[in-house]
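Below is one structure, written out as structure tokens; comments come after it.
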Amino acid sequence: MHHAPLAVLSEKANPLLISPAARDALQMWLAHQSALKDAAENTIIAYRGDVTEFLTFMTLHKGDTQGLGALAKITISDMRAWMASTRSGGVGSRSVARKLSAVKAFYRWLAEREGFEPTAVLLARSPKFQKKLPRPLAEDAARALIDCVETQARAPWVAARDVAVLTMLWGCGLRISEALALKGCDAPLPNSLRIIGKGGKERVVPVLPAARAAVEDYLAVCPYPQEPQAPLFRAIRGGALGARAVAQVMADARMQLGLPATATPHAMRHSFATHLLDAGGDLRAIQELLGHASLSTTQAYTAVDTARLMEVYNNAHPKAGR
């Protein structure tokens with residue numbers, strides 16, 4: 001596994017202030033997360049930074065590098081001191097909660113491996129924060145965005161590509177990473193696609209005729225050959241199209257249309273869910289199409305109110321009162 005460049009880590013995360021044993025344990029845990037939990041590269045980078053920052057603080061807090069034996073004796077007071085220090089550095093509640101989650105995950109693994117009780121760490125309370133509700137686009141705004149990206153591209157094939165990508169996000173509910181992971185062998189698109197999502201979770205999504213047609217239009221004018229194992233969506237120079245490029249396309253279009261900054265590629269996925277729900281789609285079915293492990297995530301995506309959620313529950317759950 002490659003180590004993250006130090007520039008990625010917080011200034012408070014100094015690997016040189018961590019004991020070799022703790023450093024090795026952290027690297028083993030990250031390898032475990034990558035290999036067995038199928039964690040994304042960005043997740044691994046965040047985990048490394050968060051836990052390294054925690055271990056660095058404990059060295060400075062205790063006045064000595066903390067070996068595995070010392071780490072097993074961390075107290076709730078030590079945890080509070082770390083969280084207070086993190087907050088005083090201007091880190092928001094959401095980020096502190098994320099850092100604490102990473103530290104707890106590391107400690108669960110370390111405690112099981114080393115045979116100690118991690119209660120003090122696991123009892124540390126995550127700060128409360130207001131969850132940001134997603135903001136799906138109205139149907140006419142989603143259509144306007146797709147029309148706009150078609151007219152602003154520098155070349156006809158790029159316009160067709162951008163339309164195809166956004167149509168896949170809106171019409172199939174794909175994550176941007178899932179759309180950009182499609183290969184030449186996936187086209188022509190079938191009636192349904194088998195998608196490998198987060199955590200290696202597999203789902204089947206139907207492909208709308210509009211999405212299939214948009215991809216066919218793109219392939220008909222793409223200057224690069226459709227090779228089975230090459231990316232389906234190509235960048236200007238023929239490599240894989242990147243998520244940042246798609247985000248920039250969306251940013252340019254939303255500025256032209258006067259749409260808010262929340263009109264991102266991911267908003268198209270939110271819109272897929274919300275527009276399905278508005279059309280009478282079942283929340284459980286939408287959960288499957290999105291690949292969500294939890295219905296509460298789908299509820300947030302569609303901004304559905306509790307009354308609607310309970311209506312679905314009462315109609316679907318065998319134990320619900322009728």
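Order determines the names: the first chain of the structure tokens is A, the second B, and so forth; residues in each chain are numbered 1 upward, and ligands are numbered 1 upward as they are shown.
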Would you list the contacts of Gln33 of chain A as a PyMOL selection string, taking every protein, DNA or RNA residue within 10 Å and counting only C-alpha atoms, but skipping same-chain residues closer than 5 positions in sequence? chain A and resi 27-28+38-40+43-44+47+105-106
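Summary of the local environment: counting only C-alpha atoms, residues at most 8 Å from Val204 of chain A, other than itself and those fewer than 6 positions away along its chain, are Ser192, Leu193, Arg194, Ile195 and Leu289 of chain A.
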Taking a cut-off of 8 Å and counting only C-alpha atoms, can you build a table that, for each residue of segment 110-177 of chain A near segment 69-79 of chain A, reports the nearest atom pair and how far apart they are in Å (one decimal), sorted by chain then residue number, as CSV?
residue,atom,partner,partner_atom,distance
A:Ala111,CA,A:Ala72,CA,7.5
A:Phe116,CA,A:Ala72,CA,6.3
A:Glu117,CA,A:Ala72,CA,7.4
A:Pro118,CA,A:Ala72,CA,7.0
A:Ala120,CA,A:Ile76,CA,4.9
A:Val121,CA,A:Ile76,CA,6.5
A:Leu123,CA,A:Ile76,CA,7.4
A:Ala124,CA,A:Met79,CA,6.6
Closest of A:Ile196, A:Val246, A:Leu110, A:Ala210 to Val158 of chain A - atom-to-atom distances counting only C-alpha atoms: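 Checking each candidate against Val158 of chain A, we get A:Val246 as the closest.
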Hey, what does DSSP flag as strand (DSSP E or B) within segment 172-243 of chain A? Can you give it to me as a PyMOL selection string? chain A and resi 183+192-196+202-206+231+234+240
Write out, as a PDB file, in the first residue's frame, the residues just selected, with C-alpha atoms.
ATOM      1  CA  LYS A 183     -15.868   0.265 -19.906  1.00  0.00           C
ATOM      2  CA  SER A 192     -30.191  -3.237 -17.191  1.00  0.00           C
ATOM      3  CA  LEU A 193     -26.686  -2.722 -15.837  1.00  0.00           C
ATOM      4  CA  ARG A 194     -24.950  -4.634 -13.061  1.00  0.00           C
ATOM      5  CA  ILE A 195     -23.180  -2.003 -10.972  1.00  0.00           C
ATOM      6  CA  ILE A 196     -20.542  -2.570  -8.273  1.00  0.00           C
ATOM      7  CA  GLU A 202     -23.709  -5.119  -6.307  1.00  0.00           C
ATOM      8  CA  ARG A 203     -27.011  -3.889  -7.699  1.00  0.00           C
ATOM      9  CA  VAL A 204     -28.920  -4.000 -10.965  1.00  0.00           C
ATOM     10  CA  VAL A 205     -30.231  -0.731 -12.408  1.00  0.00           C
ATOM     11  CA  PRO A 206     -32.560  -0.386 -15.400  1.00  0.00           C
ATOM     12  CA  PRO A 231     -12.918   3.613 -20.310  1.00  0.00           C
ATOM     13  CA  ARG A 234     -12.901   9.452 -22.634  1.00  0.00           C
ATOM     14  CA  ALA A 240     -10.276   8.165 -18.624  1.00  0.00           C
TER      15      ALA A 240
END
